[in-house]
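Chemist: See input.tsv below, with TSV, N, CA and C atoms.
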chain	number	residue	atom	x	y	z
I	963	MET	N	21.76	127.88	-28.20
I	963	MET	CA	21.24	129.22	-28.22
I	963	MET	C	21.10	129.72	-26.79
I	964	ASN	N	21.54	130.91	-26.54
I	964	ASN	CA	21.45	131.49	-25.20
I	964	ASN	C	20.07	132.05	-24.94
I	965	LYS	N	19.58	131.82	-23.71
I	965	LYS	CA	18.29	132.39	-23.31
I	965	LYS	C	18.55	133.68	-22.55
I	966	ILE	N	17.64	134.60	-22.73
I	966	ILE	CA	17.72	135.84	-21.97
I	966	ILE	C	17.01	135.59	-20.64
I	967	VAL	N	17.73	135.82	-19.57
I	967	VAL	CA	17.18	135.59	-18.23
I	967	VAL	C	16.84	136.95	-17.63
I	968	ALA	N	15.63	137.04	-17.09
I	968	ALA	CA	15.20	138.29	-16.47
I	968	ALA	C	16.06	138.62	-15.26
I	969	THR	N	16.30	139.88	-15.07
I	969	THR	CA	17.06	140.34	-13.91
I	969	THR	C	16.23	140.08	-12.65
I	970	PRO	N	16.84	139.48	-11.62
I	970	PRO	CA	16.08	139.22	-10.40
I	970	PRO	C	15.61	140.52	-9.75
I	971	LYS	N	14.46	140.44	-9.11
I	971	LYS	CA	13.93	141.61	-8.41
I	971	LYS	C	14.81	141.91	-7.21
I	972	ARG	N	14.91	143.17	-6.90
I	972	ARG	CA	15.66	143.59	-5.72
I	972	ARG	C	14.68	143.91	-4.61
I	973	TYR	N	14.96	143.36	-3.45
I	973	TYR	CA	14.10	143.58	-2.31
I	973	TYR	C	14.89	144.32	-1.24
I	974	SER	N	14.19	145.12	-0.49
I	974	SER	CA	14.84	145.78	0.63
I	974	SER	C	13.95	145.66	1.85
I	975	LEU	N	14.57	145.64	3.00
I	975	LEU	CA	13.81	145.58	4.24
I	975	LEU	C	13.26	146.95	4.56
I	976	VAL	N	12.02	146.97	4.97
I	976	VAL	CA	11.38	148.22	5.32
I	976	VAL	C	11.47	148.37	6.83
I	977	GLU	N	11.97	149.49	7.25
I	977	GLU	CA	12.09	149.72	8.69
I	977	GLU	C	10.70	149.95	9.26
I	978	ARG	N	10.42	149.29	10.35
I	978	ARG	CA	9.11	149.38	10.99
I	978	ARG	C	9.21	150.27	12.21
I	979	THR	N	8.22	151.14	12.37
I	979	THR	CA	8.21	151.98	13.57
I	979	THR	C	7.83	151.11	14.77
I	980	PRO	N	8.43	151.35	15.90
I	980	PRO	CA	8.13	150.54	17.08
I	980	PRO	C	6.66	150.64	17.47
I	981	ALA	N	6.12	149.56	18.00
I	981	ALA	CA	4.73	149.54	18.44
I	981	ALA	C	4.58	150.45	19.66
I	982	ALA	N	3.41	151.06	19.76
I	982	ALA	CA	3.15	151.99	20.87
I	982	ALA	C	2.80	151.26	22.16
I	983	SER	N	2.38	150.00	22.06
I	983	SER	CA	1.97	149.26	23.26
I	983	SER	C	2.25	147.77	23.06
I	984	PHE	N	2.17	147.03	24.16
I	984	PHE	CA	2.33	145.58	24.08
I	984	PHE	C	1.21	144.97	23.22
I	985	GLU	N	0.00	145.50	23.37
I	985	GLU	CA	-1.13	144.97	22.63
I	985	GLU	C	-0.93	145.15	21.12
I	986	GLU	N	-0.43	146.30	20.73
I	986	GLU	CA	-0.17	146.57	19.31
I	986	GLU	C	0.92	145.64	18.76
I	987	GLU	N	1.98	145.46	19.51
I	987	GLU	CA	3.07	144.56	19.10
I	987	GLU	C	2.60	143.11	19.07
I	988	ARG	N	1.79	142.72	20.05
I	988	ARG	CA	1.26	141.35	20.09
I	988	ARG	C	0.42	141.07	18.85
I	989	LEU	N	-0.47	142.01	18.49
I	989	LEU	CA	-1.30	141.83	17.30
I	989	LEU	C	-0.44	141.74	16.05
I	990	TYR	N	0.56	142.59	15.95
I	990	TYR	CA	1.47	142.57	14.81
I	990	TYR	C	2.14	141.20	14.68
I	991	ARG	N	2.67	140.68	15.78
I	991	ARG	CA	3.35	139.37	15.75
I	991	ARG	C	2.38	138.24	15.41
I	992	LYS	N	1.18	138.29	15.99
I	992	LYS	CA	0.19	137.23	15.72
I	992	LYS	C	-0.27	137.28	14.27
I	993	GLN	N	-0.41	138.47	13.70
I	993	GLN	CA	-0.80	138.58	12.29
I	993	GLN	C	0.28	137.99	11.40
I	994	ARG	N	1.54	138.26	11.70
I	994	ARG	CA	2.65	137.69	10.91
I	994	ARG	C	2.73	136.19	11.08
I	995	LEU	N	2.45	135.70	12.29
I	995	LEU	CA	2.48	134.26	12.52
I	995	LEU	C	1.38	133.55	11.72
I	996	ALA	N	0.16	134.10	11.74
I	996	ALA	CA	-0.93	133.52	10.97
I	996	ALA	C	-0.59	133.54	9.47
I	997	ALA	N	-0.01	134.63	9.00
I	997	ALA	CA	0.39	134.71	7.59
I	997	ALA	C	1.48	133.69	7.26
I	998	THR	N	2.36	133.43	8.20
I	998	THR	CA	3.41	132.42	8.01
I	998	THR	C	2.80	131.05	7.76
I	999	PHE	N	1.80	130.70	8.53
I	999	PHE	CA	1.14	129.41	8.33
I	999	PHE	C	0.50	129.32	6.95
I	1000	ARG	N	-0.13	130.40	6.51
I	1000	ARG	CA	-0.76	130.37	5.19
I	1000	ARG	C	0.29	130.26	4.08
I	1001	LEU	N	1.44	130.90	4.28
I	1001	LEU	CA	2.53	130.75	3.30
I	1001	LEU	C	3.07	129.33	3.31
I	1002	PHE	N	3.25	128.76	4.48
I	1002	PHE	CA	3.69	127.36	4.56
I	1002	PHE	C	2.74	126.46	3.79
I	1003	SER	N	1.45	126.70	3.96
I	1003	SER	CA	0.45	125.89	3.26
I	1003	SER	C	0.56	126.07	1.75
I	1004	ARG	N	0.74	127.28	1.33
I	1004	ARG	CA	0.84	127.56	-0.11
I	1004	ARG	C	1.99	126.78	-0.75
I	1005	TYR	N	3.07	126.59	-0.01
I	1005	TYR	CA	4.23	125.90	-0.54
I	1005	TYR	C	4.31	124.43	-0.12
I	1006	GLY	N	3.20	123.89	0.38
I	1006	GLY	CA	3.11	122.46	0.62
I	1006	GLY	C	3.49	121.99	2.01
I	1007	PHE	N	3.83	122.89	2.90
I	1007	PHE	CA	4.17	122.52	4.27
I	1007	PHE	C	2.94	122.73	5.14
I	1008	ASP	N	1.92	121.89	4.93
I	1008	ASP	CA	0.61	122.20	5.51
I	1008	ASP	C	0.02	121.09	6.37
I	1009	GLN	N	0.81	120.25	6.91
I	1009	GLN	CA	0.30	119.18	7.75
I	1009	GLN	C	0.19	119.67	9.20
I	1010	GLY	N	-1.04	119.86	9.68
I	1010	GLY	CA	-1.26	120.36	11.03
I	1010	GLY	C	-0.67	119.48	12.11
I	1011	LEU	N	-0.59	118.18	11.84
I	1011	LEU	CA	-0.01	117.27	12.81
I	1011	LEU	C	1.51	117.25	12.75
I	1012	ALA	N	2.06	117.81	11.68
I	1012	ALA	CA	3.48	117.64	11.42
I	1012	ALA	C	4.36	118.73	11.99
I	1013	GLY	N	3.79	119.80	12.49
I	1013	GLY	CA	4.71	120.82	12.96
I	1013	GLY	C	4.03	122.01	13.61
I	1014	HIS	N	4.85	122.93	13.98
I	1014	HIS	CA	4.37	124.14	14.63
I	1014	HIS	C	5.35	125.27	14.35
I	1015	VAL	N	4.85	126.47	14.50
I	1015	VAL	CA	5.68	127.67	14.44
I	1015	VAL	C	5.24	128.50	15.64
I	1016	THR	N	6.19	129.11	16.31
I	1016	THR	CA	5.84	129.91	17.49
I	1016	THR	C	6.40	131.31	17.35
I	1017	VAL	N	5.82	132.21	18.12
I	1017	VAL	CA	6.35	133.56	18.25
I	1017	VAL	C	6.25	133.93	19.73
I	1018	ARG	N	7.27	134.60	20.22
I	1018	ARG	CA	7.31	134.99	21.64
I	1018	ARG	C	6.35	136.16	21.88
I	1019	ASP	N	5.67	136.12	23.00
I	1019	ASP	CA	4.79	137.22	23.38
I	1019	ASP	C	5.66	138.42	23.79
I	1020	PRO	N	5.33	139.64	23.33
I	1020	PRO	CA	6.19	140.79	23.64
I	1020	PRO	C	6.15	141.23	25.10
I	1021	GLU	N	5.05	140.99	25.78
I	1021	GLU	CA	4.92	141.43	27.17
I	1021	GLU	C	5.46	140.40	28.16
I	1022	PHE	N	5.23	139.12	27.83
I	1022	PHE	CA	5.65	138.03	28.71
I	1022	PHE	C	6.63	137.14	27.95
I	1023	PRO	N	7.94	137.34	28.10
I	1023	PRO	CA	8.92	136.62	27.29
I	1023	PRO	C	8.99	135.12	27.56
I	1024	ASP	N	8.32	134.64	28.61
I	1024	ASP	CA	8.30	133.20	28.86
I	1024	ASP	C	7.05	132.54	28.29
I	1025	ARG	N	6.32	133.26	27.42
I	1025	ARG	CA	5.11	132.73	26.80
I	1025	ARG	C	5.21	132.84	25.29
I	1026	PHE	N	4.55	131.90	24.60
I	1026	PHE	CA	4.63	131.83	23.15
I	1026	PHE	C	3.24	131.67	22.55
I	1027	TRP	N	3.05	132.21	21.36
I	1027	TRP	CA	1.83	131.98	20.58
I	1027	TRP	C	2.13	130.83	19.63
I	1028	ILE	N	1.19	129.91	19.50
I	1028	ILE	CA	1.41	128.68	18.74
I	1028	ILE	C	0.11	128.26	18.04
I	1029	ASN	N	0.26	127.45	17.01
I	1029	ASN	CA	-0.91	126.91	16.31
I	1029	ASN	C	-1.50	125.73	17.07
I	1030	PRO	N	-2.83	125.54	16.97
I	1030	PRO	CA	-3.44	124.37	17.59
I	1030	PRO	C	-3.15	123.11	16.78
I	1031	LEU	N	-3.21	121.99	17.44
I	1031	LEU	CA	-2.97	120.69	16.80
I	1031	LEU	C	-4.05	120.42	15.75
I	1032	SER	N	-3.63	119.91	14.62
I	1032	SER	CA	-4.46	119.43	13.51
I	1032	SER	C	-5.27	120.49	12.79
I	1033	LYS	N	-4.99	121.76	13.01
I	1033	LYS	CA	-5.65	122.82	12.24
I	1033	LYS	C	-4.87	122.99	10.95
I	1034	PHE	N	-5.57	122.92	9.81
I	1034	PHE	CA	-4.94	123.07	8.50
I	1034	PHE	C	-4.25	124.43	8.42
I	1035	PHE	N	-2.97	124.43	8.07
I	1035	PHE	CA	-2.19	125.65	8.06
I	1035	PHE	C	-2.80	126.74	7.17
I	1036	GLY	N	-3.42	126.36	6.07
I	1036	GLY	CA	-4.00	127.33	5.16
I	1036	GLY	C	-5.23	128.04	5.70
I	1037	GLN	N	-5.74	127.59	6.83
I	1037	GLN	CA	-6.93	128.19	7.42
I	1037	GLN	C	-6.68	128.86	8.77
I	1038	ILE	N	-5.45	128.89	9.22
I	1038	ILE	CA	-5.16	129.47	10.53
I	1038	ILE	C	-5.31	130.99	10.47
I	1039	LYS	N	-6.07	131.50	11.45
I	1039	LYS	CA	-6.29	132.93	11.60
I	1039	LYS	C	-5.69	133.37	12.94
I	1040	VAL	N	-5.61	134.67	13.13
I	1040	VAL	CA	-5.09	135.22	14.38
I	1040	VAL	C	-5.88	134.66	15.57
I	1041	SER	N	-7.18	134.56	15.42
I	1041	SER	CA	-8.03	134.09	16.52
I	1041	SER	C	-7.82	132.62	16.86
I	1042	ASP	N	-7.17	131.85	15.98
I	1042	ASP	CA	-6.89	130.44	16.25
I	1042	ASP	C	-5.65	130.23	17.11
I	1043	LEU	N	-4.79	131.22	17.19
I	1043	LEU	CA	-3.52	131.06	17.90
I	1043	LEU	C	-3.74	130.94	19.40
I	1044	GLN	N	-2.89	130.17	20.04
I	1044	GLN	CA	-3.01	129.90	21.47
I	1044	GLN	C	-1.75	130.36	22.20
I	1045	LEU	N	-1.94	130.86	23.39
I	1045	LEU	CA	-0.81	131.29	24.21
I	1045	LEU	C	-0.40	130.14	25.12
I	1046	VAL	N	0.90	129.83	25.10
I	1046	VAL	CA	1.43	128.69	25.84
I	1046	VAL	C	2.59	129.15	26.71
I	1047	SER	N	2.63	128.65	27.94
I	1047	SER	CA	3.77	128.95	28.82
I	1047	SER	C	4.95	128.09	28.41
I	1048	HIS	N	6.13	128.43	28.91
I	1048	HIS	CA	7.30	127.63	28.53
I	1048	HIS	C	7.26	126.23	29.15
I	1049	GLU	N	6.35	126.00	30.10
I	1049	GLU	CA	6.16	124.65	30.63
I	1049	GLU	C	5.24	123.81	29.74
I	1050	GLY	N	4.63	124.45	28.74
I	1050	GLY	CA	3.72	123.74	27.85
I	1050	GLY	C	2.27	123.84	28.24
I	1051	ASN	N	1.94	124.66	29.24
I	1051	ASN	CA	0.56	124.84	29.65
I	1051	ASN	C	-0.14	125.83	28.73
I	1052	ILE	N	-1.35	125.50	28.30
I	1052	ILE	CA	-2.12	126.40	27.44
I	1052	ILE	C	-2.78	127.44	28.32
I	1053	LEU	N	-2.44	128.72	28.09
I	1053	LEU	CA	-2.97	129.81	28.91
I	1053	LEU	C	-4.16	130.48	28.24
I	1054	ILE	N	-4.14	130.58	26.92
I	1054	ILE	CA	-5.26	131.12	26.15
I	1054	ILE	C	-5.51	130.16	25.01
I	1055	GLY	N	-6.74	129.68	24.93
I	1055	GLY	CA	-7.10	128.72	23.90
I	1055	GLY	C	-7.59	127.43	24.53
I	1056	ASP	N	-8.32	126.65	23.74
I	1056	ASP	CA	-8.88	125.42	24.30
I	1056	ASP	C	-8.62	124.20	23.43
I	1057	LYS	N	-7.75	124.32	22.45
I	1057	LYS	CA	-7.41	123.20	21.58
I	1057	LYS	C	-6.09	122.59	22.03
I	1058	PRO	N	-5.89	121.31	21.78
I	1058	PRO	CA	-4.60	120.70	22.15
I	1058	PRO	C	-3.47	121.20	21.25
I	1059	ILE	N	-2.26	121.10	21.76
I	1059	ILE	CA	-1.07	121.41	20.96
I	1059	ILE	C	-0.24	120.13	20.89
I	1060	THR	N	0.72	120.11	19.99
I	1060	THR	CA	1.54	118.91	19.86
I	1060	THR	C	2.46	118.77	21.07
I	1061	ARG	N	2.69	117.57	21.49
I	1061	ARG	CA	3.63	117.31	22.59
I	1061	ARG	C	5.03	117.76	22.19
I	1062	GLN	N	5.38	117.59	20.92
I	1062	GLN	CA	6.69	118.03	20.46
I	1062	GLN	C	6.85	119.53	20.64
I	1063	ALA	N	5.77	120.28	20.40
I	1063	ALA	CA	5.84	121.73	20.55
I	1063	ALA	C	6.09	122.11	21.99
I	1064	SER	N	5.34	121.52	22.92
I	1064	SER	CA	5.51	121.90	24.31
I	1064	SER	C	6.89	121.50	24.84
I	1065	SER	N	7.40	120.35	24.42
I	1065	SER	CA	8.74	119.96	24.89
I	1065	SER	C	9.82	120.81	24.22
I	1066	PHE	N	9.60	121.19	22.96
I	1066	PHE	CA	10.55	122.07	22.28
I	1066	PHE	C	10.65	123.41	23.00
I	1067	ILE	N	9.50	123.96	23.36
I	1067	ILE	CA	9.49	125.26	24.03
I	1067	ILE	C	10.23	125.17	25.36
I	1068	ARG	N	9.98	124.12	26.11
I	1068	ARG	CA	10.67	123.96	27.41
I	1068	ARG	C	12.17	123.82	27.23
I	1069	ARG	N	12.59	123.00	26.26
I	1069	ARG	CA	14.02	122.76	26.07
I	1069	ARG	C	14.75	123.99	25.53
I	1070	SER	N	14.11	124.73	24.63
I	1070	SER	CA	14.81	125.82	23.95
I	1070	SER	C	14.64	127.16	24.62
I	1071	MET	N	13.87	127.22	25.66
I	1071	MET	CA	13.57	128.50	26.31
I	1071	MET	C	14.82	129.35	26.55
I	1072	PRO	N	15.90	128.86	27.15
I	1072	PRO	CA	17.03	129.73	27.39
I	1072	PRO	C	17.82	130.07	26.11
I	1073	LEU	N	17.61	129.32	25.04
I	1073	LEU	CA	18.39	129.53	23.83
I	1073	LEU	C	17.80	130.58	22.90
I	1074	ILE	N	16.53	130.86	23.03
I	1074	ILE	CA	15.85	131.76	22.10
I	1074	ILE	C	16.00	133.19	22.60
I	1075	PRO	N	16.58	134.07	21.79
I	1075	PRO	CA	16.74	135.45	22.23
I	1075	PRO	C	15.41	136.20	22.21
I	1076	THR	N	15.30	137.23	23.02
I	1076	THR	CA	14.09	138.05	23.03
I	1076	THR	C	14.21	139.15	22.00
Represent the structure of the file as structure tokens.
Modeler:
Amino acid sequence: MNKIVATPKRYSLVERTPAASFEEERLYRKQRLAATFRLFSRYGFDQGLAGHVTVRDPEFPDRFWINPLSKFFGQIKVSDLQLVSHEGNILIGDKPITRQASSFIRRSMPLIPT
């Protein structure tokens, strides 16, 4: 017997108006980054020791926002994110980050487009 399968939903990308300032764009990126962690947690990718996700700072392209080490992904907020230089130095924040994250940022710096 054949089953009736629902038609998949159609999604479209919504064009976003450019941010008026670096601060506005930075907040937008940090909000999306924090939401990314919560989505990762929802789908089981929630080990704080197991990984990181970064986003480039809009004003300083050699700096990245990153999650702190061992913070549960489902609880990460914008205020938890830390600013890291491409050398791996923490510029904003006081929690440790994974060594893999800092070495990844240093190695991939020229490969990541702005």
Chemist: Separation of CA of Gly1006 in chain I and CA of Pro1030 in chain I, in Å?
Modeler: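 Going from CA of Gly1006 in chain I over to CA of Pro1030 in chain I covers 18.3 Å.
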Chemist: Of the residues I:Leu989, I:Leu1045, I:Ala981, I:Ile1038, which is the one nearest to Thr1016 in chain I, using only C-alpha atoms?
Modeler: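 Ranking I:Leu989, I:Leu1045, I:Ala981, I:Ile1038 by distance to Thr1016 in chain I, first place goes to I:Leu1045.
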Chemist: Using only N, CA and C atoms for the distances, tell me which of I:Lys1039, I:Glu986, I:Lys992, I:Ala997 is nearest to Trp1027 in chain I.
Modeler: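 Smallest distance to Trp1027 in chain I is found for I:Lys992.
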Chemist: Any idea what's packed within 12 Å of range 1032-1037 of chain I, counting only C-alpha atoms, ignoring anything in its chain fewer than 4 positions away? Could you give it as an NGL selection string?
Modeler: :I and (995-1015 or 1028 or 1041-1044 or 1057-1060)
Chemist: Enumerate the residues of range 997-1032 of chain I with a DSSP assignment of helix (DSSP H, G or I), computed from the backbone, and present them as an NGL selection string.
Modeler: :I and (997-1004)
Chemist: Could you check how far CA of Pro1020 in chain I sits from atom N of Glu977 in chain I, in Å to one decimal?
Modeler: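 According to the coordinates, CA of Pro1020 in chain I and atom N of Glu977 in chain I are separated by 19.4 Å.
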Chemist: Measure the distance from atom N of Phe1026 in chain I to atom N of His1048 in chain I in Å and round it to one decimal.
Modeler: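 For atom N of Phe1026 in chain I relative to atom N of His1048 in chain I, the distance reads 5.8 Å.
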Chemist: Counting only C-alpha atoms, figure out which residue out of I:Asp1056, I:Asp1019, I:Asp1024, I:Arg972 gets nearest to Glu985 in chain I.
Modeler: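 Nearest candidate to Glu985 in chain I out of I:Asp1056, I:Asp1019, I:Asp1024, I:Arg972: I:Asp1019.
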Chemist: Name the residues of range 974-1072 of chain I that come out as strand (DSSP E or B) in a backbone DSSP run; write them as a PyMOL selection string.
Modeler: chain I and resi 1016-1018+1025-1028+1044-1047+1052-1054
Chemist: Can you find the residues with an atom no farther than 6 Å from (-1.9, 130.5, 25.4), counting only C-alpha atoms, and report them as number ranges by chain?
Modeler: I: 1044-1046, 1052-1055
